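work21.txt follows; it contains compact mmCIF, C-alpha atoms.
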# COMPACT_ATOMS: atom_id res chain seq x y z
CA MET I 7 110.71 -23.94 10.49
CA THR I 8 107.02 -23.19 11.04
CA ALA I 9 104.53 -22.65 8.25
CA THR I 10 104.16 -18.95 9.06
CA GLU I 11 107.89 -18.44 8.43
CA VAL I 12 107.41 -19.55 4.81
CA GLU I 13 105.75 -16.24 3.97
CA ILE I 14 108.94 -14.25 3.71
CA PRO I 15 108.41 -10.55 2.97
CA ALA I 16 108.92 -10.31 -0.76
CA LYS I 17 112.17 -8.84 -1.98
CA ALA I 18 111.69 -6.17 -4.67
CA GLY I 19 107.94 -6.84 -4.63
CA THR I 20 108.09 -10.44 -5.79
CA SER I 21 106.71 -13.40 -3.86
CA GLY I 22 110.03 -14.61 -2.57
CA PRO I 23 113.57 -13.77 -3.58
CA VAL I 24 114.45 -14.06 -7.26
CA PRO I 25 117.71 -15.98 -7.77
CA ARG I 26 120.41 -13.72 -9.18
CA TRP I 27 121.13 -16.12 -12.02
CA ALA I 28 117.45 -16.02 -13.06
CA ASP I 29 117.45 -12.22 -13.06
CA LEU I 30 120.62 -12.15 -15.19
CA ALA I 31 119.23 -14.82 -17.53
CA ALA I 32 116.00 -12.84 -17.99
CA GLN I 33 117.99 -9.73 -18.84
CA ALA I 34 120.11 -11.77 -21.25
CA THR I 35 116.97 -12.91 -23.11
CA MET I 36 116.25 -9.26 -23.91
CA TRP I 37 119.74 -8.80 -25.33
CA CYS I 38 119.51 -11.98 -27.44
CA ALA I 39 117.18 -10.28 -29.92
CA VAL I 40 119.05 -6.95 -30.11
CA PRO I 41 121.93 -7.69 -32.56
CA SER I 42 119.65 -9.37 -35.10
CA GLY I 43 117.19 -6.48 -34.81
CA ILE I 44 119.94 -3.95 -35.47
CA TRP I 45 121.27 -6.00 -38.40
CA ARG I 46 117.75 -6.31 -39.86
CA ILE I 47 117.08 -2.56 -39.67
CA LEU I 48 120.47 -1.69 -41.19
CA PHE I 49 119.80 -4.25 -43.94
CA ALA I 50 116.42 -2.63 -44.67
CA LEU I 51 118.05 0.81 -44.70
CA GLY I 52 120.15 -0.39 -47.61
CA LEU I 53 123.50 -1.23 -46.01
CA PRO I 54 125.22 -4.02 -47.95
CA ALA I 55 124.27 -7.27 -46.24
CA GLY I 56 125.15 -9.70 -49.02
CA PHE I 57 121.67 -10.48 -50.29
CA THR I 58 121.56 -10.22 -54.07
CA GLY I 59 119.23 -10.94 -56.97
CA SER I 60 115.66 -11.63 -55.95
CA GLN I 61 116.73 -11.36 -52.28
CA ASP I 62 118.01 -7.81 -52.71
CA PRO I 63 116.07 -5.60 -50.25
CA ARG I 64 115.81 -2.84 -52.88
CA HIS I 65 113.35 -5.03 -54.75
CA VAL I 66 111.15 -5.71 -51.72
CA ARG I 67 108.34 -3.21 -51.08
CA PHE I 68 107.73 -1.83 -47.60
CA ILE I 69 110.70 -3.72 -46.19
CA LEU I 70 111.66 -0.97 -43.71
CA PRO I 71 108.27 -0.69 -41.93
CA TYR I 72 108.10 -4.49 -41.95
CA VAL I 73 111.52 -5.03 -40.31
CA VAL I 74 110.97 -2.20 -37.81
CA ALA I 75 107.64 -3.76 -36.81
CA LEU I 76 109.23 -7.22 -36.65
CA THR I 77 112.09 -5.93 -34.48
CA ALA I 78 109.70 -4.07 -32.16
CA PHE I 79 107.56 -7.20 -31.88
CA SER I 80 110.51 -9.49 -31.08
CA GLU I 81 111.82 -7.04 -28.46
CA ALA I 82 108.34 -6.77 -26.92
CA VAL I 83 108.14 -10.57 -26.72
CA ALA I 84 111.63 -10.68 -25.21
CA PHE I 85 110.59 -8.03 -22.68
CA LEU I 86 107.70 -10.22 -21.51
CA GLY I 87 110.31 -12.65 -20.18
CA MET I 88 111.30 -10.00 -17.65
CA GLY I 89 107.89 -10.49 -16.04
CA LEU I 90 109.14 -13.85 -14.77
CA VAL I 91 111.55 -12.05 -12.44
CA ARG I 92 109.59 -8.85 -11.74
CA PRO I 93 106.51 -8.10 -9.60
CA TRP I 94 104.41 -7.39 -12.72
CA GLY I 95 104.69 -11.08 -13.57
CA GLU I 96 102.76 -11.91 -10.41
CA VAL I 97 100.24 -9.08 -10.03
CA TRP I 98 98.75 -7.07 -12.91
CA PRO I 99 100.26 -3.56 -12.86
CA ARG I 100 98.17 -0.47 -12.02
CA TRP I 101 98.13 0.77 -15.62
CA VAL I 102 96.33 -2.34 -16.91
CA PRO I 103 92.61 -1.56 -17.03
CA VAL I 104 90.16 -3.99 -15.38
CA LEU I 105 92.85 -6.48 -14.36
CA LYS I 106 94.98 -4.06 -12.30
CA GLY I 107 95.94 -5.35 -8.89
CA ARG I 108 94.70 -8.86 -9.58
CA ARG I 109 96.98 -11.79 -8.93
CA ILE I 110 98.33 -13.60 -12.01
CA ARG I 111 97.89 -17.34 -11.66
CA PRO I 112 101.28 -19.08 -11.96
CA LEU I 113 100.11 -21.32 -14.81
CA ALA I 114 98.95 -18.28 -16.79
CA ALA I 115 102.62 -17.30 -17.04
CA ILE I 116 104.27 -20.72 -16.92
CA ILE I 117 102.31 -22.27 -19.83
CA PRO I 118 102.87 -19.44 -22.38
CA ALA I 119 106.49 -19.03 -21.32
CA SER I 120 107.14 -22.78 -21.64
CA LEU I 121 105.46 -22.93 -25.05
CA GLY I 122 107.42 -19.85 -26.08
CA SER I 123 110.72 -21.36 -25.04
CA VAL I 124 109.95 -24.61 -26.88
CA ALA I 125 109.02 -22.62 -30.00
CA LEU I 126 112.18 -20.51 -29.75
CA ILE I 127 114.36 -23.61 -29.36
CA ALA I 128 112.63 -25.21 -32.37
CA ILE I 129 113.00 -22.05 -34.49
CA TRP I 130 116.54 -20.99 -33.64
CA THR I 131 118.50 -24.18 -32.82
CA PRO I 132 118.70 -25.19 -36.54
CA LEU I 133 120.50 -21.87 -37.12
CA ALA I 134 123.56 -23.38 -35.44
CA PHE I 135 123.81 -25.82 -38.35
CA ALA I 136 122.58 -23.50 -41.13
CA PHE I 137 125.83 -21.55 -41.26
CA THR I 138 127.75 -24.41 -42.83
CA THR I 139 125.03 -25.59 -45.19
CA ASN I 140 124.27 -22.35 -47.04
CA ASP I 141 124.63 -22.90 -50.78
CA ASP I 142 122.14 -20.28 -51.98
CA PRO I 143 124.07 -17.86 -54.26
CA GLU I 144 121.70 -15.00 -53.39
CA THR I 145 122.37 -15.09 -49.65
CA PRO I 146 125.47 -13.70 -47.85
CA HIS I 147 128.78 -15.51 -48.20
CA GLY I 148 132.21 -15.09 -46.62
CA ALA I 149 132.59 -12.12 -44.26
CA LYS I 150 128.98 -11.04 -44.77
CA ALA I 151 127.76 -14.49 -43.75
CA ILE I 152 129.93 -14.28 -40.62
CA ILE I 153 128.38 -10.88 -39.73
CA LEU I 154 124.88 -12.28 -40.30
CA PHE I 155 125.62 -15.36 -38.21
CA ALA I 156 127.23 -13.33 -35.40
CA CYS I 157 124.11 -11.17 -35.19
CA TYR I 158 121.65 -14.07 -35.26
CA ALA I 159 123.66 -16.53 -33.11
CA PRO I 160 122.50 -15.01 -29.78
CA LEU I 161 118.95 -16.03 -30.72
CA ILE I 162 120.02 -19.67 -30.27
CA ALA I 163 120.39 -18.97 -26.54
CA TRP I 164 117.00 -17.23 -26.21
CA GLY I 165 114.90 -20.43 -25.90
CA PRO I 166 117.11 -22.25 -23.36
CA LEU I 167 117.49 -19.07 -21.29
CA LEU I 168 113.72 -18.49 -21.26
CA ALA I 169 113.19 -22.14 -20.27
CA ALA I 170 115.58 -21.72 -17.32
CA VAL I 171 113.92 -18.46 -16.20
CA THR I 172 110.49 -20.10 -16.51
CA ALA I 173 111.66 -23.02 -14.35
CA ALA I 174 112.94 -20.60 -11.70
CA TYR I 175 109.61 -18.73 -11.79
CA ALA I 176 107.65 -21.98 -11.46
CA VAL I 177 109.73 -23.14 -8.48
CA ARG I 178 109.49 -19.74 -6.75
CA ARG I 179 105.73 -19.34 -7.27
CA ASN I 180 105.07 -22.97 -6.34
CA ARG I 181 107.06 -22.55 -3.13
CA HIS I 182 105.11 -19.39 -2.30
CA GLU I 183 101.73 -20.97 -3.13
CA LYS I 184 102.56 -23.93 -0.88
CA GLY I 185 103.48 -21.48 1.87
CA ILE I 186 100.10 -19.74 1.56
CA THR I 187 98.29 -23.09 1.58
CA MET I 188 100.14 -24.17 4.72
CA VAL I 189 99.38 -20.87 6.45
CA ASN I 190 95.67 -21.14 5.55
CA ALA I 191 95.58 -24.73 6.77
CA LEU I 192 96.84 -23.72 10.21
CA PRO I 193 94.13 -23.16 12.85
CA SER I 194 93.76 -19.48 13.56
CA ARG I 195 94.62 -18.19 17.05
CA ARG I 196 90.98 -17.26 17.72
CA ASP I 197 89.87 -20.85 17.05
CA SER I 198 92.53 -22.40 19.22
CA PRO I 199 91.79 -22.82 22.93
CA MET W 6 112.36 15.25 -21.17
CA VAL W 7 112.63 12.34 -18.73
CA PRO W 8 116.20 12.04 -17.43
CA LEU W 9 117.69 8.63 -18.08
CA SER W 10 119.11 6.64 -15.21
CA ARG W 11 122.72 5.48 -15.35
CA LYS W 12 121.56 1.94 -16.08
CA TRP W 13 119.52 3.04 -19.11
CA LYS W 14 122.33 5.29 -20.34
CA ILE W 15 124.66 2.26 -20.35
CA LYS W 16 122.05 0.16 -22.19
CA LEU W 17 121.56 2.89 -24.78
CA ALA W 18 125.33 3.22 -25.21
CA VAL W 19 125.60 -0.55 -25.79
CA VAL W 20 122.88 -0.40 -28.47
CA VAL W 21 124.61 2.54 -30.18
CA LEU W 22 127.96 0.74 -30.01
CA LEU W 23 126.44 -2.46 -31.44
CA THR W 24 124.81 -0.45 -34.24
CA ALA W 25 128.13 1.19 -35.07
CA LEU W 26 129.93 -2.15 -34.97
CA ILE W 27 127.43 -4.01 -37.14
CA GLY W 28 126.95 -1.11 -39.54
CA GLY W 29 130.69 -0.59 -39.78
CA ALA W 30 131.27 -4.26 -40.47
CA MET W 31 128.56 -4.29 -43.16
CA LEU W 32 130.07 -1.26 -44.87
CA ALA W 33 133.65 -2.49 -44.48
CA THR W 34 132.88 -5.73 -46.30
CA GLY W 35 131.54 -3.70 -49.25
CA SER W 36 128.60 -4.31 -51.52
CA GLY W 37 130.42 -7.14 -53.31
CA GLU W 38 129.54 -8.88 -56.52
CA PRO W 39 126.61 -11.28 -56.80
CA GLU W 40 127.65 -14.90 -56.44
CA PRO W 41 127.53 -16.99 -59.66
CA GLY W 42 124.00 -18.34 -60.01
CA ALA W 43 122.33 -15.37 -58.31
CA SER W 44 119.43 -13.96 -60.26
CA ARG W 45 119.08 -10.33 -61.25
CA PRO W 46 115.46 -9.24 -61.37
CA GLY W 47 114.70 -8.55 -65.01
CA HIS W 48 118.11 -9.77 -66.17
CA GLY W 49 118.10 -13.48 -65.46
CA SER W 50 120.74 -15.18 -63.39
CA VAL W 51 124.38 -14.17 -63.10
CA ARG W 52 126.62 -16.63 -64.98

Translate the structure of the given file into structure tokens.
Amino acid sequence: MTATEVEIPAKAGTSGPVPRWADLAAQATMWCAVPSGIWRILFALGLPAGFTGSQDPRHVRFILPYVVALTAFSEAVAFLGMGLVRPWGEVWPRWVPVLKGRRIRPLAAIIPASLGSVALIAIWTPLAFAFTTNDDPETPHGAKAIILFACYAPLIAWGPLLAAVTAAYAVRRNRHEKGITMVNALPSRRDSP
Amino acid sequence: MVPLSRKWKIKLAVVVLLTALIGGAMLATGSGEPEPGASRPGHGSVR
């Protein structure tokens, strides 16, 4: 294979083909935050979630705007993961002022995504063990605890999935960057005798 | 109004279904009684 063959025309606008598993994993990251967001909004709307006493949402001011904002924020963060498998994760889209059309350096995406996945793993992995160790009388128990856990459990997968998608992005961009470097290193036809 | 593609219609349907499922489950399990030891604002803890 020659160096010029490395520059494969990008599929779907990305620099090189995105593995199907990475695309599916990126989409899954968006769905990880959905059940907990729905549960949170229903909880704030006053549906019985099992929180009592000082934890009762009726005694918390501005809980609905807070949970709606929190849910929108978490979904927006989850959506950013899609950039690792879409063209807008490599070149700034047209609607972004000043930066539009500029290439995004791989590390500018890889570093925040890696830090994000580490943070998500650190935040949500303990949840896997929290279900059995809940002895707070004001938090959900029994069936309500199962509902709460079922809605929050997908968040445990968010960090590892994002880490895998980030790794796929890093490999793909690195491969493409190497291809460009090799092409640039080749003597041009005009220079050659 | 922007017409939704089939893909987005399916996604929206899944969100609606999840909302119905979670909301239904929350309602089906009832409001329940506070667990012993839970505090009642202004009333002290439940004994």

- Task: Identify, on the basis of all atoms listed in the file, every residue whose closest approach to Leu154 in chain I does not exceed 10 Å; exclude the query and any residue fewer than 5 positions from it along the same chain; express the result as a list of chain:residue names.
- Result: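 Close residues of Leu154 in chain I: I:Pro41, I:Ser42, I:Trp45, I:Arg46, I:Ala55, I:Gly56, I:Phe137, I:Pro146, I:His147, I:Ala149, I:Ala159, W:Ile27, W:Met31.
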
- Query: Could you work out how far CA of Ile153 in chain I lies from CA of Ala125 in chain I, giving the answer in Å with one decimal?
  - Reply: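 Interatomic distance here is 24.6 Å.
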
- Query: How many Å separate CA of Ala25 in chain W from CA of Ala39 in chain I?
  - Reply: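 These atoms are spaced 16.7 Å apart.
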
- Message: as a PyMOL selection string, could you give me every residue of chain I near chain W (at most 10 Å apart, counting all atoms listed in the file)?
- Response: chain I and resi 37+40-45+47-49+53-62+65+142-150+153-154+156-157

- re CA of Ala32 in chain I and CA of Glu81 in chain I: distance 12.7 Å

- Task: Tell me which protein, DNA and RNA residues are within 7 Å of range 17-27 of chain I, counting all atoms listed in the file, leaving out same-chain ones fewer than 3 positions away, and put them as a PyMOL selection string.
- Result: chain I and resi 14+30-31+91-93+178-179+182

Could you give me the centre and size, in Å to one decimal, of an axis-aligned box around all listed atoms of range 109-126 of chain I with 4 Å added on every side, as lines of an AutoDock Vina configuration file?
center_x = 104.6
center_y = -18.2
center_z = -19.5
size_x = 23.2
size_y = 20.8
size_z = 29.1

- I:Leu121, I:Ile116, I:Ile129, I:Leu70: which is nearest Ala174 in chain I, counting all atoms listed in the file? I:Ile116

- Query: Which residue, I:Leu105, I:Leu86, I:Ala136, I:Leu161, has the smallest gap to Cys38 in chain I when you use all atoms listed in the file?
  - Reply: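 Closest to Cys38 in chain I of all the choices is I:Leu161.
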